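Visitor: Sending over protein32.cif (mmCIF, C-alpha atoms, pLDDT in the B column; chains and numbers go by the auth columns).
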```cif
data_work
loop_
_atom_site.group_PDB
_atom_site.id
_atom_site.type_symbol
_atom_site.label_atom_id
_atom_site.label_comp_id
_atom_site.label_asym_id
_atom_site.label_seq_id
_atom_site.Cartn_x
_atom_site.Cartn_y
_atom_site.Cartn_z
_atom_site.B_iso_or_equiv
_atom_site.auth_seq_id
_atom_site.auth_asym_id
ATOM 1 C CA MET A 1 106.393 33.976 168.490 42.00 1 A
ATOM 2 C CA ASP A 2 107.963 36.988 170.171 47.00 2 A
ATOM 3 C CA GLU A 3 105.264 39.655 170.268 51.00 3 A
ATOM 4 C CA ALA A 4 107.881 42.341 171.032 80.00 4 A
ATOM 5 C CA VAL A 5 109.038 42.343 167.414 91.00 5 A
ATOM 6 C CA ILE A 6 107.753 45.390 165.602 93.00 6 A
ATOM 7 C CA ARG A 7 105.644 44.913 162.515 96.00 7 A
ATOM 8 C CA ARG A 8 104.465 47.283 159.838 95.00 8 A
ATOM 9 C CA SER A 9 101.889 47.098 157.071 98.00 9 A
ATOM 10 C CA LEU A 10 103.062 45.467 153.866 98.00 10 A
ATOM 11 C CA GLY A 11 101.571 48.047 151.558 98.00 11 A
ATOM 12 C CA ARG A 12 97.825 47.633 151.148 97.00 12 A
ATOM 13 C CA THR A 13 97.840 43.840 151.542 98.00 13 A
ATOM 14 C CA GLY A 14 96.514 43.859 155.098 98.00 14 A
ATOM 15 C CA LEU A 15 99.541 41.803 156.139 98.00 15 A
ATOM 16 C CA GLU A 16 101.711 42.951 159.050 98.00 16 A
ATOM 17 C CA ILE A 17 105.355 42.096 158.477 98.00 17 A
ATOM 18 C CA THR A 18 108.492 42.094 160.639 98.00 18 A
ATOM 19 C CA PRO A 19 111.455 44.246 159.554 97.00 19 A
ATOM 20 C CA ILE A 20 113.442 41.257 158.394 97.00 20 A
ATOM 21 C CA GLY A 21 112.246 38.068 156.773 98.00 21 A
ATOM 22 C CA PHE A 22 113.923 34.741 156.172 98.00 22 A
ATOM 23 C CA GLY A 23 114.991 33.951 152.616 98.00 23 A
ATOM 24 C CA ALA A 24 114.870 30.172 152.262 98.00 24 A
ATOM 25 C CA PHE A 25 117.202 29.734 149.270 97.00 25 A
ATOM 26 C CA LYS A 26 120.047 28.193 151.274 96.00 26 A
ATOM 27 C CA ILE A 27 117.948 25.477 152.879 98.00 27 A
ATOM 28 C CA GLY A 28 117.087 24.119 149.439 97.00 28 A
ATOM 29 C CA ARG A 29 119.872 24.771 146.967 95.00 29 A
ATOM 30 C CA ASN A 30 123.644 25.226 146.897 91.00 30 A
ATOM 31 C CA THR A 31 124.427 24.895 143.182 90.00 31 A
ATOM 32 C CA GLY A 32 124.393 27.635 140.563 83.00 32 A
ATOM 33 C CA ILE A 33 124.716 30.217 143.335 82.00 33 A
ATOM 34 C CA LYS A 34 125.815 33.856 143.235 75.00 34 A
ATOM 35 C CA TYR A 35 127.358 33.909 146.693 74.00 35 A
ATOM 36 C CA ASP A 36 131.119 34.414 147.072 71.00 36 A
ATOM 37 C CA ARG A 37 131.478 31.387 149.346 80.00 37 A
ATOM 38 C CA ALA A 38 130.198 27.865 148.870 85.00 38 A
ATOM 39 C CA TYR A 39 128.122 26.271 151.629 89.00 39 A
ATOM 40 C CA ASP A 40 126.838 22.832 152.520 92.00 40 A
ATOM 41 C CA LEU A 41 123.141 22.194 152.192 96.00 41 A
ATOM 42 C CA PRO A 42 121.665 21.585 155.642 97.00 42 A
ATOM 43 C CA THR A 43 120.139 18.211 156.399 98.00 43 A
ATOM 44 C CA GLU A 44 116.374 17.868 156.627 98.00 44 A
ATOM 45 C CA GLU A 45 116.597 17.964 160.428 98.00 45 A
ATOM 46 C CA GLU A 46 118.899 20.987 160.441 98.00 46 A
ATOM 47 C CA ALA A 47 116.630 22.865 158.060 98.00 47 A
ATOM 48 C CA ALA A 48 113.556 22.099 160.150 98.00 48 A
ATOM 49 C CA ARG A 49 115.279 23.204 163.342 98.00 49 A
ATOM 50 C CA LEU A 50 116.388 26.460 161.722 98.00 50 A
ATOM 51 C CA LEU A 51 112.907 27.212 160.380 98.00 51 A
ATOM 52 C CA HIS A 52 111.342 26.704 163.801 98.00 52 A
ATOM 53 C CA ARG A 53 113.937 28.912 165.451 98.00 53 A
ATOM 54 C CA VAL A 54 113.314 31.641 162.864 98.00 54 A
ATOM 55 C CA LEU A 55 109.673 31.729 163.919 98.00 55 A
ATOM 56 C CA ASP A 56 110.607 31.485 167.589 98.00 56 A
ATOM 57 C CA LEU A 57 112.751 34.621 167.197 97.00 57 A
ATOM 58 C CA GLY A 58 109.652 36.464 166.043 97.00 58 A
ATOM 59 C CA ILE A 59 110.477 36.718 162.339 98.00 59 A
ATOM 60 C CA ASN A 60 107.160 36.293 160.548 98.00 60 A
ATOM 61 C CA HIS A 61 108.060 36.226 156.850 98.00 61 A
ATOM 62 C CA ILE A 62 109.511 33.253 154.988 98.00 62 A
ATOM 63 C CA ASP A 63 110.306 33.669 151.304 98.00 63 A
ATOM 64 C CA THR A 64 110.899 30.782 148.925 98.00 64 A
ATOM 65 C CA ALA A 65 110.512 29.823 145.256 98.00 65 A
ATOM 66 C CA PRO A 66 110.317 26.750 143.021 98.00 66 A
ATOM 67 C CA ALA A 67 113.812 27.710 141.809 97.00 67 A
ATOM 68 C CA TYR A 68 115.180 27.223 145.340 97.00 68 A
ATOM 69 C CA GLY A 69 115.591 23.470 144.999 96.00 69 A
ATOM 70 C CA VAL A 70 113.905 21.533 147.824 97.00 70 A
ATOM 71 C CA SER A 71 113.146 24.678 149.841 98.00 71 A
ATOM 72 C CA GLU A 72 109.370 24.660 149.391 98.00 72 A
ATOM 73 C CA ALA A 73 109.040 20.996 150.297 98.00 73 A
ATOM 74 C CA ARG A 74 111.201 21.416 153.396 98.00 74 A
ATOM 75 C CA ILE A 75 109.158 24.388 154.590 98.00 75 A
ATOM 76 C CA GLY A 76 105.952 22.443 154.062 98.00 76 A
ATOM 77 C CA ARG A 77 107.164 19.441 156.032 98.00 77 A
ATOM 78 C CA ALA A 78 108.658 21.476 158.869 98.00 78 A
ATOM 79 C CA LEU A 79 106.070 24.172 159.427 98.00 79 A
ATOM 80 C CA ALA A 80 102.699 22.715 158.484 93.00 80 A
ATOM 81 C CA GLY A 81 101.605 22.962 162.121 96.00 81 A
ATOM 82 C CA ARG A 82 102.622 26.623 162.404 98.00 82 A
ATOM 83 C CA ARG A 83 101.222 27.943 159.118 97.00 83 A
ATOM 84 C CA GLU A 84 99.158 30.735 160.661 97.00 84 A
ATOM 85 C CA GLU A 85 102.205 32.200 162.424 97.00 85 A
ATOM 86 C CA PHE A 86 103.940 33.558 159.344 98.00 86 A
ATOM 87 C CA ILE A 87 103.617 35.269 155.985 98.00 87 A
ATOM 88 C CA LEU A 88 104.576 32.844 153.224 98.00 88 A
ATOM 89 C CA SER A 89 105.779 34.117 149.865 99.00 89 A
ATOM 90 C CA THR A 90 106.833 32.167 146.808 98.00 90 A
ATOM 91 C CA LYS A 91 107.283 32.833 143.104 98.00 91 A
ATOM 92 C CA VAL A 92 106.322 31.720 139.610 98.00 92 A
ATOM 93 C CA GLY A 93 108.079 31.634 136.271 98.00 93 A
ATOM 94 C CA GLU A 94 111.442 30.062 137.113 98.00 94 A
ATOM 95 C CA THR A 95 112.435 26.497 137.908 97.00 95 A
ATOM 96 C CA PHE A 96 115.935 25.119 138.459 93.00 96 A
ATOM 97 C CA GLU A 97 116.644 21.646 137.148 89.00 97 A
ATOM 98 C CA SER A 98 119.789 19.800 136.109 86.00 98 A
ATOM 99 C CA GLY A 99 121.945 22.750 137.045 88.00 99 A
ATOM 100 C CA ARG A 100 120.176 25.438 135.042 91.00 100 A
ATOM 101 C CA SER A 101 117.187 27.738 135.274 94.00 101 A
ATOM 102 C CA ARG A 102 114.216 27.383 132.988 96.00 102 A
ATOM 103 C CA TYR A 103 111.573 30.044 132.531 98.00 103 A
ATOM 104 C CA ASP A 104 107.903 29.834 131.578 98.00 104 A
ATOM 105 C CA PHE A 105 105.633 32.778 132.339 98.00 105 A
ATOM 106 C CA SER A 106 102.580 31.600 130.422 98.00 106 A
ATOM 107 C CA GLY A 107 99.243 31.669 132.191 98.00 107 A
ATOM 108 C CA ASP A 108 98.987 27.890 132.267 98.00 108 A
ATOM 109 C CA ALA A 109 102.516 27.545 133.657 98.00 109 A
ATOM 110 C CA VAL A 110 101.851 30.146 136.367 98.00 110 A
ATOM 111 C CA THR A 111 98.651 28.404 137.454 98.00 111 A
ATOM 112 C CA ALA A 112 100.349 25.001 137.503 98.00 112 A
ATOM 113 C CA SER A 113 103.288 26.425 139.444 98.00 113 A
ATOM 114 C CA VAL A 114 101.023 27.805 142.161 98.00 114 A
ATOM 115 C CA ARG A 115 99.201 24.479 142.416 98.00 115 A
ATOM 116 C CA ARG A 116 102.505 22.653 142.871 98.00 116 A
ATOM 117 C CA SER A 117 103.683 25.182 145.444 98.00 117 A
ATOM 118 C CA LEU A 118 100.492 24.827 147.453 98.00 118 A
ATOM 119 C CA GLU A 119 101.022 21.060 147.548 98.00 119 A
ATOM 120 C CA ARG A 120 104.724 21.213 148.410 98.00 120 A
ATOM 121 C CA LEU A 121 104.190 23.862 151.070 98.00 121 A
ATOM 122 C CA GLY A 122 101.281 21.956 152.602 98.00 122 A
ATOM 123 C CA THR A 123 98.918 24.909 152.646 98.00 123 A
ATOM 124 C CA ASP A 124 95.599 25.960 151.137 97.00 124 A
ATOM 125 C CA HIS A 125 96.712 29.529 150.418 98.00 125 A
ATOM 126 C CA LEU A 126 99.807 31.570 149.678 98.00 126 A
ATOM 127 C CA ASP A 127 100.141 35.010 151.192 98.00 127 A
ATOM 128 C CA VAL A 128 102.289 36.512 148.428 98.00 128 A
ATOM 129 C CA VAL A 129 103.183 35.210 144.962 99.00 129 A
ATOM 130 C CA LEU A 130 105.693 37.119 142.848 99.00 130 A
ATOM 131 C CA ILE A 131 106.704 36.833 139.215 98.00 131 A
ATOM 132 C CA HIS A 132 110.323 35.586 139.321 98.00 132 A
ATOM 133 C CA SER A 133 111.550 37.706 136.428 98.00 133 A
ATOM 134 C CA ASP A 134 114.537 36.813 134.257 97.00 134 A
ATOM 135 C CA GLY A 135 115.031 40.495 133.458 97.00 135 A
ATOM 136 C CA ARG A 136 112.400 40.862 130.734 98.00 136 A
ATOM 137 C CA ASP A 137 110.061 42.534 133.210 98.00 137 A
ATOM 138 C CA VAL A 138 107.885 44.581 130.859 98.00 138 A
ATOM 139 C CA GLU A 139 107.674 41.895 128.180 98.00 139 A
ATOM 140 C CA ILE A 140 106.620 39.288 130.727 98.00 140 A
ATOM 141 C CA MET A 141 103.858 41.489 132.084 98.00 141 A
ATOM 142 C CA GLU A 142 102.557 42.582 128.695 98.00 142 A
ATOM 143 C CA LYS A 143 102.800 39.382 126.656 98.00 143 A
ATOM 144 C CA SER A 144 102.976 36.219 128.748 98.00 144 A
ATOM 145 C CA GLY A 145 99.615 36.062 130.529 98.00 145 A
ATOM 146 C CA ALA A 146 101.301 35.794 133.939 98.00 146 A
ATOM 147 C CA CYS A 147 99.561 38.838 135.420 98.00 147 A
ATOM 148 C CA GLU A 148 96.145 37.656 134.328 98.00 148 A
ATOM 149 C CA ALA A 149 96.773 34.212 135.803 98.00 149 A
ATOM 150 C CA LEU A 150 97.878 35.710 139.113 98.00 150 A
ATOM 151 C CA ASP A 151 94.759 37.866 139.180 98.00 151 A
ATOM 152 C CA ARG A 152 92.571 34.783 138.705 98.00 152 A
ATOM 153 C CA LEU A 153 94.424 32.963 141.488 98.00 153 A
ATOM 154 C CA LYS A 154 93.982 35.947 143.755 98.00 154 A
ATOM 155 C CA ARG A 155 90.256 36.118 143.052 98.00 155 A
ATOM 156 C CA SER A 156 89.900 32.392 143.701 98.00 156 A
ATOM 157 C CA GLY A 157 91.483 32.773 147.154 98.00 157 A
ATOM 158 C CA ASP A 158 94.525 30.623 146.458 98.00 158 A
ATOM 159 C CA VAL A 159 96.721 33.715 146.664 98.00 159 A
ATOM 160 C CA ARG A 160 96.279 36.732 148.893 98.00 160 A
ATOM 161 C CA ALA A 161 98.661 39.235 147.272 98.00 161 A
ATOM 162 C CA VAL A 162 100.596 39.298 143.998 98.00 162 A
ATOM 163 C CA GLY A 163 103.515 41.188 142.577 98.00 163 A
ATOM 164 C CA LEU A 164 106.897 41.272 140.877 98.00 164 A
ATOM 165 C CA SER A 165 110.386 40.234 141.884 98.00 165 A
ATOM 166 C CA GLY A 166 111.990 42.172 139.068 98.00 166 A
ATOM 167 C CA LYS A 167 115.179 43.697 137.770 98.00 167 A
ATOM 168 C CA THR A 168 114.344 46.929 135.946 98.00 168 A
ATOM 169 C CA GLU A 169 112.987 50.325 136.884 98.00 169 A
ATOM 170 C CA ALA A 170 110.638 50.267 133.890 98.00 170 A
ATOM 171 C CA GLY A 171 109.333 46.896 135.001 98.00 171 A
ATOM 172 C CA PHE A 172 108.640 48.000 138.552 98.00 172 A
ATOM 173 C CA ASP A 173 106.907 51.155 137.358 98.00 173 A
ATOM 174 C CA ARG A 174 104.751 49.079 135.001 98.00 174 A
ATOM 175 C CA ALA A 175 103.951 46.621 137.817 98.00 175 A
ATOM 176 C CA MET A 176 102.581 49.309 140.113 98.00 176 A
ATOM 177 C CA ALA A 177 99.395 49.305 138.018 97.00 177 A
ATOM 178 C CA TRP A 178 98.493 45.815 139.288 98.00 178 A
ATOM 179 C CA ALA A 179 100.964 44.622 141.928 98.00 179 A
ATOM 180 C CA ASP A 180 100.367 44.527 145.673 98.00 180 A
ATOM 181 C CA VAL A 181 104.054 43.874 146.434 98.00 181 A
ATOM 182 C CA LEU A 182 107.422 44.491 144.787 99.00 182 A
ATOM 183 C CA MET A 183 110.644 42.670 145.636 98.00 183 A
ATOM 184 C CA VAL A 184 113.551 44.971 144.802 98.00 184 A
ATOM 185 C CA GLU A 185 117.325 44.529 144.867 98.00 185 A
ATOM 186 C CA TYR A 186 118.646 47.525 146.777 98.00 186 A
ATOM 187 C CA HIS A 187 121.556 48.299 149.065 97.00 187 A
ATOM 188 C CA SER A 188 123.988 51.075 149.890 96.00 188 A
ATOM 189 C CA ASP A 189 126.271 50.135 146.974 96.00 189 A
ATOM 190 C CA ASP A 190 123.409 50.141 144.466 97.00 190 A
ATOM 191 C CA THR A 191 120.722 52.761 145.009 97.00 191 A
ATOM 192 C CA ARG A 192 119.335 52.830 141.479 97.00 192 A
ATOM 193 C CA MET A 193 115.909 51.695 142.683 98.00 193 A
ATOM 194 C CA ALA A 194 115.507 54.437 145.298 98.00 194 A
ATOM 195 C CA GLY A 195 112.926 56.186 143.146 98.00 195 A
ATOM 196 C CA VAL A 196 110.995 52.973 142.597 98.00 196 A
ATOM 197 C CA ILE A 197 110.819 52.367 146.345 98.00 197 A
ATOM 198 C CA ALA A 198 109.579 55.895 147.002 98.00 198 A
ATOM 199 C CA ARG A 199 106.925 55.683 144.265 98.00 199 A
ATOM 200 C CA ALA A 200 105.744 52.256 145.418 98.00 200 A
ATOM 201 C CA HIS A 201 105.390 53.462 148.986 98.00 201 A
ATOM 202 C CA GLU A 202 103.416 56.479 147.835 98.00 202 A
ATOM 203 C CA ALA A 203 101.129 54.201 145.823 98.00 203 A
ATOM 204 C CA GLY A 204 100.526 51.820 148.737 98.00 204 A
ATOM 205 C CA VAL A 205 102.500 48.973 147.164 98.00 205 A
ATOM 206 C CA GLY A 206 104.494 46.847 149.612 98.00 206 A
ATOM 207 C CA VAL A 207 108.285 46.782 149.245 98.00 207 A
ATOM 208 C CA LEU A 208 110.455 43.793 150.115 98.00 208 A
ATOM 209 C CA ILE A 209 114.217 44.099 149.709 98.00 209 A
ATOM 210 C CA LYS A 210 116.293 41.255 148.283 98.00 210 A
ATOM 211 C CA LYS A 211 120.093 41.070 148.311 95.00 211 A
ATOM 212 C CA GLY A 212 120.189 43.884 150.845 96.00 212 A
ATOM 213 C CA LEU A 213 123.643 42.774 151.997 94.00 213 A
ATOM 214 C CA ALA A 214 124.880 42.621 148.369 91.00 214 A
ATOM 215 C CA SER A 215 125.057 38.805 148.555 83.00 215 A
ATOM 216 C CA GLY A 216 127.169 38.967 151.699 84.00 216 A
ATOM 217 C CA LYS A 217 129.548 41.698 150.596 90.00 217 A
ATOM 218 C CA LEU A 218 128.208 44.304 153.070 93.00 218 A
ATOM 219 C CA GLY A 219 128.248 44.274 156.857 93.00 219 A
ATOM 220 C CA ALA A 220 124.802 43.504 158.210 93.00 220 A
ATOM 221 C CA ALA A 221 124.578 46.300 160.778 94.00 221 A
ATOM 222 C CA ASP A 222 125.431 49.118 158.395 96.00 222 A
ATOM 223 C CA ALA A 223 123.402 47.630 155.569 97.00 223 A
ATOM 224 C CA LEU A 224 120.270 47.216 157.686 97.00 224 A
ATOM 225 C CA SER A 225 120.642 50.692 159.163 96.00 225 A
ATOM 226 C CA PHE A 226 120.717 52.077 155.634 97.00 226 A
ATOM 227 C CA LEU A 227 117.782 50.027 154.374 97.00 227 A
ATOM 228 C CA LEU A 228 115.386 50.231 157.284 96.00 228 A
ATOM 229 C CA ALA A 229 115.877 53.937 157.843 94.00 229 A
ATOM 230 C CA ASP A 230 114.103 54.299 154.482 94.00 230 A
ATOM 231 C CA GLY A 231 110.397 54.691 155.184 94.00 231 A
ATOM 232 C CA GLY A 232 109.541 53.055 151.880 97.00 232 A
ATOM 233 C CA VAL A 233 111.121 49.718 152.817 98.00 233 A
ATOM 234 C CA ASP A 234 108.719 47.383 154.592 98.00 234 A
ATOM 235 C CA SER A 235 111.030 44.423 155.176 98.00 235 A
ATOM 236 C CA VAL A 236 114.440 43.045 154.204 98.00 236 A
ATOM 237 C CA THR A 237 114.711 39.372 153.250 98.00 237 A
ATOM 238 C CA LEU A 238 117.895 37.715 154.568 97.00 238 A
ATOM 239 C CA GLY A 239 119.094 34.201 153.856 94.00 239 A
ATOM 240 C CA SER A 240 121.624 33.289 156.545 93.00 240 A
ATOM 241 C CA LEU A 241 121.860 29.727 157.832 95.00 241 A
ATOM 242 C CA ASN A 242 123.425 31.051 161.037 95.00 242 A
ATOM 243 C CA LEU A 243 120.843 31.589 163.753 96.00 243 A
ATOM 244 C CA ASP A 244 123.123 33.911 165.733 96.00 244 A
ATOM 245 C CA HIS A 245 123.477 36.123 162.676 95.00 245 A
ATOM 246 C CA LEU A 246 119.712 36.220 162.226 96.00 246 A
ATOM 247 C CA ARG A 247 119.205 37.115 165.893 96.00 247 A
ATOM 248 C CA SER A 248 121.787 39.895 165.633 96.00 248 A
ATOM 249 C CA ASN A 249 120.220 41.165 162.419 96.00 249 A
ATOM 250 C CA LEU A 250 116.787 41.223 164.005 96.00 250 A
ATOM 251 C CA ASN A 251 118.120 43.176 166.967 95.00 251 A
ATOM 252 C CA GLU A 252 119.680 45.712 164.609 96.00 252 A
ATOM 253 C CA ALA A 253 116.456 45.957 162.631 96.00 253 A
ATOM 254 C CA GLN A 254 114.538 46.566 165.830 94.00 254 A
ATOM 255 C CA ARG A 255 116.958 49.298 166.838 93.00 255 A
ATOM 256 C CA VAL A 256 116.563 51.094 163.522 94.00 256 A
ATOM 257 C CA ARG A 257 112.792 50.785 163.639 90.00 257 A
ATOM 258 C CA GLY A 258 112.788 52.190 167.140 78.00 258 A
ATOM 259 C CA VAL A 259 111.758 49.209 169.267 48.00 259 A
ATOM 260 C CA LYS A 260 114.050 47.927 172.007 40.00 260 A
ATOM 261 C CA ARG A 261 114.226 44.211 172.640 41.00 261 A
ATOM 262 C CA GLY A 262 114.768 42.649 176.046 31.00 262 A
#
```
Written as structure tokens, that's how I'd like the structure from this file.
Guide:
Amino acid sequence: MDEAVIRRSLGRTGLEITPIGFGAFKIGRNTGIKYDRAYDLPTEEEAARLLHRVLDLGINHIDTAPAYGVSEARIGRALAGRREEFILSTKVGETFESGRSRYDFSGDAVTASVRRSLERLGTDHLDVVLIHSDGRDVEIMEKSGACEALDRLKRSGDVRAVGLSGKTEAGFDRAMAWADVLMVEYHSDDTRMAGVIARAHEAGVGVLIKKGLASGKLGAADALSFLLADGGVDSVTLGSLNLDHLRSNLNEAQRVRGVKRG
């Protein structure tokens, strides 16, 4: 791992995270996507090679989910020997089967989901687990039992930090009472969550950005300059399968965060 890559605290979790992370959706799923352009799913060997190169670049966050097809299993097979080199985040509540998403946020389902993720990822702990909301953020937190299940998993040591990958301002504000981390959709064309990010940062809650390039609609350099100049943003999760793009994005992130790379 390249020690020259700057890291910053992910809220109060005690985790130190690089300015960009790798979103592992595209190594596991290419159906039911929201991207403008279709893409081929990489082979097992191609996915493994990409994952190793991501870590070799110095990127230390990999984000996945049960809804990302075979992503978790591929990460587990490829990186079992390098587990201590990176922050691993996954999610609960959504699965993707037979071409459609299914949601279950009950306490039992959340616990079972984490157990399956631990097995697929080949690890004895998960650094971050987020509720993979379908948009009913407040209802999920107040009625499903998901938060209570995540708290039990955190106390048992299976999970280090918990939080919400949500869709609504009300949901994020409600989550700040218990969450260690929020994953927020935010970019220069949609700044509605600017207040959420500022309030989370003030409260010591980590902020991860998803869809920071507006699903590929924005240029990476300008988008990252906008996002990482915001002191409330801890890291931006990017999902490119192109290693050169990831290297370029990391260089831009380093420039914005004030660290020059050789």
Visitor: Check which residues satisfy the PyMOL selection byres ((chain A and resi 258) around 12) in the file shown, then give them as a list of chain:residue names.
Guide: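 What the PyMOL selection byres ((chain A and resi 258) around 12) grabs from the file is A:Ala4, A:Val5, A:Ile6, A:Arg7, A:Pro19, A:Ser225, A:Leu228, A:Ala229, A:Asn251, A:Glu252, A:Ala253, A:Gln254, A:Arg255, A:Val256, A:Arg257, A:Val259, A:Lys260, A:Arg261.
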Visitor: Check the smallest atom-to-atom distance from each of A:Gly14, A:Tyr103, A:Arg247, A:Ala149 to A:Leu55 using all atoms listed in the file, then report the winner.
Guide: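 Among the listed residues, A:Arg247 lies closest to A:Leu55.
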Visitor: Residues at most 9 Å from A:Met176, counting only C-alpha atoms, excluding those fewer than 6 positions away in the same chain, as a list of chain:residue names?
Guide: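 Contacts, with the query itself left out: A:Gly163, A:Leu182, A:Arg199, A:Ala200, A:Ala203, A:Val205.
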Visitor: Keeping only C-alpha atoms, write those residues as a compact mmCIF listing (two decimals), keeping the file's coordinate frame.
Guide:
```txt
# COMPACT_ATOMS: atom_id res chain seq x y z
CA GLY A 163 103.52 41.19 142.58
CA LEU A 182 107.42 44.49 144.79
CA ARG A 199 106.92 55.68 144.26
CA ALA A 200 105.74 52.26 145.42
CA ALA A 203 101.13 54.20 145.82
CA VAL A 205 102.50 48.97 147.16
```
Visitor: Once the PyMOL selection byres ((chain A and resi 41) around 7) has been applied to the shown file, what residues remain in the selection, as a PDB file with C-alpha atoms, keeping the file's coordinate frame?
Guide:
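Saved to expr.pdb:
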```pdb
ATOM      1  CA  LYS A  26     120.047  28.193 151.274  1.00 96.00           C
ATOM      2  CA  ILE A  27     117.948  25.477 152.879  1.00 98.00           C
ATOM      3  CA  GLY A  28     117.087  24.119 149.439  1.00 97.00           C
ATOM      4  CA  ARG A  29     119.872  24.771 146.967  1.00 95.00           C
ATOM      5  CA  ASN A  30     123.644  25.226 146.897  1.00 91.00           C
ATOM      6  CA  TYR A  39     128.122  26.271 151.629  1.00 89.00           C
ATOM      7  CA  ASP A  40     126.838  22.832 152.520  1.00 92.00           C
ATOM      8  CA  PRO A  42     121.665  21.585 155.642  1.00 97.00           C
ATOM      9  CA  THR A  43     120.139  18.211 156.399  1.00 98.00           C
TER      10      THR A  43
END
```
Visitor: Expressed in Å to a single decimal, how great is the separation between atom CA of A:Val128 and atom CA of A:Gly145?
Guide: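 Separating atom CA of A:Val128 from atom CA of A:Gly145 is a distance of 18.1 Å.
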Visitor: Here is a test: counting all atoms listed in the file, which residue of A:Ser144, A:Asn249, A:Thr237, A:Thr123 is nearest to A:Phe105?
Guide: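 Among the listed residues, A:Ser144 lies closest to A:Phe105.
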Visitor: Have a look at atom CA of A:Gly206 and atom CA of A:Ala179 and let me know their distance in Å, one decimal.
Guide: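 Between atom CA of A:Gly206 and atom CA of A:Ala179 the gap works out to 8.7 Å.
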Visitor: What's around A:Arg120 at 7 Å? Count only C-alpha atoms, leave out sequence neighbours fewer than 4 positions away in its own chain, and write the answer as a VMD selection string.
Guide: chain A and resid 72 to 73 76 116
Visitor: Evaluate the PyMOL selection byres ((chain A and resi 87) around 6) on the structure here and hand back the selected residues as a ChimeraX atom specification.
Guide: /A:60-61,86,88,127
Visitor: Find the residues around A:Phe226 up to 12 Å (all atoms listed in the file counted), leave out those fewer than 2 positions away in its own chain, and share them as a PyMOL selection string.
Guide: chain A and resi 186-191+194+209+212-213+218-224+228-233+236+252-253+256-257
Visitor: Rounded to one decimal, what separation in Å do you get between atom CA of A:Gly21 and atom CA of A:Gly58?
Guide: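 Between atom CA of A:Gly21 and atom CA of A:Gly58 the gap works out to 9.8 Å.
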Visitor: Can you list, as a PyMOL selection string, every protein, DNA or RNA residue that comes within 8 Å of stretch 129-132 of chain A when you count only C-alpha atoms, leaving out same-chain residues fewer than 6 positions away?
Guide: chain A and resi 89-94+146+150+159+161-166+181-183
Visitor: Considering all atoms listed in the file, can you say which of A:Gly11, A:Pro66, A:Gly239, A:Gly81 comes closest to A:Ala112?
Guide: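 Result for the nearest residue to A:Ala112: A:Pro66.
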Visitor: With all atoms listed in the file as the basis for distance, which of A:His201, A:Asp124, A:Ala38, A:Ala67 is at the shortest distance from A:Ala24?
Guide: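 Comparing A:His201, A:Asp124, A:Ala38, A:Ala67 against A:Ala24, the winner is A:Ala67.
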Visitor: Choose the residue, out of A:Arg100, A:Arg174, A:Thr64, A:Ile20, that has the smallest atom-to-atom separation from A:Ile33; count only C-alpha atoms.
Guide: A:Arg100
Visitor: Would you mind telling me which residue in A:Leu153, A:His245, A:Thr13, A:Ile59 lies nearest to A:Arg115 when using only C-alpha atoms?
Guide: A:Leu153
